[in-house]
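Peer 1: Sharing a structure with you now.
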Amino acid sequence: MRKDIITSAIGIVVLTVLLGIIYPLFITGVSQVAFPGNANGQKVYVDGRLVGSKIIGQNFADIVYKNGKPEMSDGNPVTTPDPHYFQTRPSGTDPADNDAATEFANYGPNSVVTKAALVANIQAYIALNGKYYPGGLTAAKIPVDAADTSASGVDPEISIANADIQAYRIAAIRHLSLATVDGLISKYTLGRGLGFSGEPGVDVLEINLALNRLSPSTR
């Protein structure tokens with residue numbers, strides 16, 4: 001019994017040092033040397049200021065104020081989408097696009113909670129984009145990624161169909177031609193992973209940064 005206990009204790013210590021300390025430090029060192037950008041989250045800087053990440057979606061929104069103070073909900077400021085920017089897909093995190101705690105709704109497709117969330121997202125999307133879309137925007141015209149959340153809740157891209165609808169709003173508010181905005185969508189559309197996996201997507205952060213460079217007078 002004593003021999004077994006000693007052997008087990010030695011095994012725990014050795015494996016803890018090997019797999020819990022040495023191996024993580026080795027992998028961290030290799031990644032910092034070989035892939036420093038990827039290892040550090042593919043951070044994006046503008047004029048030396050951190051503005052986001054290439055692989056994490058973020059919330060392009062304004063804080064809602066009430067009586068001169070930020071309106072709060074569950075300890076977080078209430079926000080509304082900034083119409084000057086392309087918006088990411090709905091987020092399942094709390095607060096929205098919280099990369100510190102990614103999560104997704106664990107409700108089934110027939111859940112009343114799922115239905116209520118989809119309806120709310122569709123209504124919000126129409127309220128933001130409907131008046132700019134030619135002929136009016138209906139639920140039937142809205143792409144899936146504009147109504148439903150991603151698995152992580154912080155996907156950084158939106159579908160081309162989603163971006164094409166938002167382009168009308170962006171062009172109108174920023175006083176740009178639709179052709180100019182469509183050109184940016186084409187420029188910042190990423191292809192399928194490894195050439196065959198998934199669908200093409202528009203990089204929301206990069207296209208919004210490009211919009212700011214194109215029309216810096218806006219917010």
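Chain labels follow the order of the structure tokens: the first chain is A, the next B, and so on; residue numbering restarts at 1 in every chain, and ligands are counted from 1 in their shown order.
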List every residue of stretch 19-185 of chain A that DSSP, applied to the backbone of this structure, assigns to helix (DSSP H, G or I), and report them as JSON, numbers by chain.
Peer 2: {"A": [19, 20, 21, 22, 23, 24, 25, 26, 27, 28, 29, 30, 31, 32, 33, 34, 36, 37, 38, 39, 112, 113, 114, 115, 116, 117, 118, 119, 120, 121, 122, 123, 124, 125, 126, 127, 128, 129, 130, 131, 132, 139, 140, 141, 144, 145, 146, 160, 161, 162, 163, 164, 165, 166, 167, 168, 169, 170, 171, 172, 173, 174, 178, 179, 180, 181, 182, 183, 184, 185]}
Peer 1: Take the residues that were just selected and, keeping C-alpha atoms, output them as a JSON list (two decimals), in the first residue's frame.
Peer 2:
```
[["chain", "number", "residue", "atom", "x", "y", "z"],
["A", 19, "LEU", "CA", 2.21, 18.49, -18.74],
["A", 20, "GLY", "CA", 1.15, 21.38, -16.55],
["A", 21, "ILE", "CA", 4.29, 23.51, -16.68],
["A", 22, "ILE", "CA", 6.99, 22.40, -19.14],
["A", 23, "TYR", "CA", 4.71, 21.48, -22.07],
["A", 24, "PRO", "CA", 2.54, 24.68, -21.90],
["A", 25, "LEU", "CA", 5.67, 26.85, -21.64],
["A", 26, "PHE", "CA", 7.24, 25.05, -24.60],
["A", 27, "ILE", "CA", 4.13, 25.42, -26.78],
["A", 28, "THR", "CA", 3.77, 29.07, -25.74],
["A", 29, "GLY", "CA", 7.39, 29.77, -26.62],
["A", 30, "VAL", "CA", 7.13, 28.09, -30.02],
["A", 31, "SER", "CA", 3.90, 29.92, -30.86],
["A", 32, "GLN", "CA", 5.34, 33.30, -29.83],
["A", 33, "VAL", "CA", 8.35, 32.77, -32.09],
["A", 34, "ALA", "CA", 6.65, 31.09, -35.06],
["A", 36, "PRO", "CA", 3.16, 35.72, -32.73],
["A", 37, "GLY", "CA", 0.11, 37.30, -34.39],
["A", 38, "ASN", "CA", -2.08, 34.23, -34.08],
["A", 39, "ALA", "CA", -0.81, 33.42, -30.58],
["A", 112, "VAL", "CA", -40.45, 29.23, -27.51],
["A", 113, "VAL", "CA", -37.36, 31.02, -26.19],
["A", 114, "THR", "CA", -35.56, 30.41, -29.49],
["A", 115, "LYS", "CA", -38.56, 31.67, -31.45],
["A", 116, "ALA", "CA", -38.82, 34.81, -29.32],
["A", 117, "ALA", "CA", -35.11, 35.55, -29.77],
["A", 118, "LEU", "CA", -35.31, 35.09, -33.56],
["A", 119, "VAL", "CA", -38.37, 37.33, -33.80],
["A", 120, "ALA", "CA", -36.67, 40.02, -31.71],
["A", 121, "ASN", "CA", -33.50, 39.87, -33.83],
["A", 122, "ILE", "CA", -35.50, 40.09, -37.06],
["A", 123, "GLN", "CA", -37.48, 43.07, -35.79],
["A", 124, "ALA", "CA", -34.31, 44.86, -34.70],
["A", 125, "TYR", "CA", -32.68, 44.20, -38.08],
["A", 126, "ILE", "CA", -35.67, 45.55, -39.99],
["A", 127, "ALA", "CA", -35.84, 48.60, -37.71],
["A", 128, "LEU", "CA", -32.18, 49.38, -38.42],
["A", 129, "ASN", "CA", -32.10, 48.68, -42.16],
["A", 130, "GLY", "CA", -35.68, 48.60, -43.44],
["A", 131, "LYS", "CA", -36.15, 52.24, -44.37],
["A", 132, "TYR", "CA", -33.00, 52.23, -46.50],
["A", 139, "ALA", "CA", -38.50, 38.80, -42.69],
["A", 140, "ALA", "CA", -38.40, 36.59, -45.79],
["A", 141, "LYS", "CA", -35.52, 38.65, -47.22],
["A", 144, "VAL", "CA", -30.05, 33.51, -41.43],
["A", 145, "ASP", "CA", -26.96, 35.10, -39.90],
["A", 146, "ALA", "CA", -28.87, 38.35, -39.38],
["A", 160, "ILE", "CA", -22.35, 38.62, -48.18],
["A", 161, "ALA", "CA", -26.17, 38.74, -48.30],
["A", 162, "ASN", "CA", -26.23, 40.36, -44.86],
["A", 163, "ALA", "CA", -23.61, 42.93, -45.88],
["A", 164, "ASP", "CA", -25.43, 43.70, -49.14],
["A", 165, "ILE", "CA", -28.58, 44.66, -47.22],
["A", 166, "GLN", "CA", -26.66, 46.83, -44.75],
["A", 167, "ALA", "CA", -24.82, 48.51, -47.63],
["A", 168, "TYR", "CA", -27.90, 50.64, -48.44],
["A", 169, "ARG", "CA", -27.92, 52.06, -44.91],
["A", 170, "ILE", "CA", -24.18, 52.68, -44.86],
["A", 171, "ALA", "CA", -24.25, 54.44, -48.24],
["A", 172, "ALA", "CA", -27.16, 56.68, -47.23],
["A", 173, "ILE", "CA", -25.87, 57.69, -43.80],
["A", 174, "ARG", "CA", -22.24, 58.19, -44.84],
["A", 178, "LEU", "CA", -23.73, 52.26, -53.23],
["A", 179, "ALA", "CA", -21.08, 51.17, -55.73],
["A", 180, "THR", "CA", -18.36, 52.40, -53.37],
["A", 181, "VAL", "CA", -19.76, 50.45, -50.42],
["A", 182, "ASP", "CA", -20.27, 47.35, -52.60],
["A", 183, "GLY", "CA", -16.63, 47.65, -53.66],
["A", 184, "LEU", "CA", -15.56, 47.56, -50.01],
["A", 185, "ILE", "CA", -17.72, 44.49, -49.43]]
```
Peer 1: Quick check for you: according to DSSP on this backbone, which residues of stretch 73-188 of chain A are classed as strand (DSSP E)? Reply as JSON, numbers by chain.
Peer 2: {"A": [73, 76, 77, 79, 80, 81, 157, 158]}
Peer 1: Would you put the residues from that selection into a file with all heavy atoms, as a CSV table (one decimal), in the first residue's frame?
Peer 2:
```csv
chain,number,residue,atom,x,y,z
A,73,SER,N,-28.7,47.8,-17.6
A,73,SER,CA,-29.5,46.6,-17.5
A,73,SER,C,-28.6,45.4,-17.0
A,73,SER,O,-27.6,45.1,-17.6
A,73,SER,CB,-30.1,46.2,-18.9
A,73,SER,OG,-30.8,45.0,-18.8
A,76,ASN,N,-24.9,46.2,-16.9
A,76,ASN,CA,-24.3,46.5,-18.1
A,76,ASN,C,-25.0,47.7,-18.8
A,76,ASN,O,-26.2,47.8,-18.8
A,76,ASN,CB,-24.2,45.3,-19.1
A,76,ASN,CG,-23.5,44.1,-18.5
A,76,ASN,OD1,-22.3,44.3,-18.1
A,76,ASN,ND2,-24.1,43.0,-18.5
A,77,PRO,N,-24.2,48.6,-19.5
A,77,PRO,CA,-24.8,49.7,-20.2
A,77,PRO,C,-25.7,49.2,-21.3
A,77,PRO,O,-25.3,48.2,-22.1
A,77,PRO,CB,-23.6,50.5,-20.7
A,77,PRO,CG,-22.5,50.1,-19.9
A,77,PRO,CD,-22.7,48.6,-19.5
A,79,THR,N,-27.1,49.4,-25.0
A,79,THR,CA,-26.5,50.0,-26.2
A,79,THR,C,-27.5,49.9,-27.4
A,79,THR,O,-28.5,49.1,-27.3
A,79,THR,CB,-25.2,49.3,-26.6
A,79,THR,OG1,-25.5,47.9,-26.8
A,79,THR,CG2,-24.2,49.4,-25.5
A,80,THR,N,-27.3,50.7,-28.4
A,80,THR,CA,-28.1,50.6,-29.6
A,80,THR,C,-27.1,50.6,-30.8
A,80,THR,O,-26.1,51.3,-30.7
A,80,THR,CB,-29.0,51.8,-29.7
A,80,THR,OG1,-29.9,51.7,-30.9
A,80,THR,CG2,-28.3,53.1,-29.8
A,81,PRO,N,-27.4,49.9,-31.8
A,81,PRO,CA,-26.4,49.8,-33.0
A,81,PRO,C,-26.1,51.1,-33.6
A,81,PRO,O,-27.1,51.9,-33.8
A,81,PRO,CB,-27.2,48.9,-34.0
A,81,PRO,CG,-28.1,48.1,-33.1
A,81,PRO,CD,-28.6,49.0,-32.0
A,157,GLU,N,-17.3,37.6,-38.8
A,157,GLU,CA,-17.8,37.9,-40.2
A,157,GLU,C,-19.3,37.7,-40.3
A,157,GLU,O,-19.9,37.1,-39.5
A,157,GLU,CB,-17.1,36.9,-41.2
A,157,GLU,CG,-15.6,37.0,-41.3
A,157,GLU,CD,-14.9,35.9,-40.6
A,157,GLU,OE1,-15.6,34.8,-40.4
A,157,GLU,OE2,-13.7,36.0,-40.3
A,158,ILE,N,-19.8,38.4,-41.3
A,158,ILE,CA,-21.2,38.2,-41.7
A,158,ILE,C,-21.3,37.7,-43.1
A,158,ILE,O,-20.3,37.8,-43.9
A,158,ILE,CB,-22.0,39.5,-41.6
A,158,ILE,CG1,-21.4,40.7,-42.4
A,158,ILE,CG2,-22.1,39.9,-40.1
A,158,ILE,CD1,-22.1,42.0,-42.4
```
Peer 1: Just the number, please: distance in Å from atom CA of A:Arg89 to atom CA of A:Thr149, one decimal.
Peer 2: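 These atoms are spaced 6.4 Å apart.
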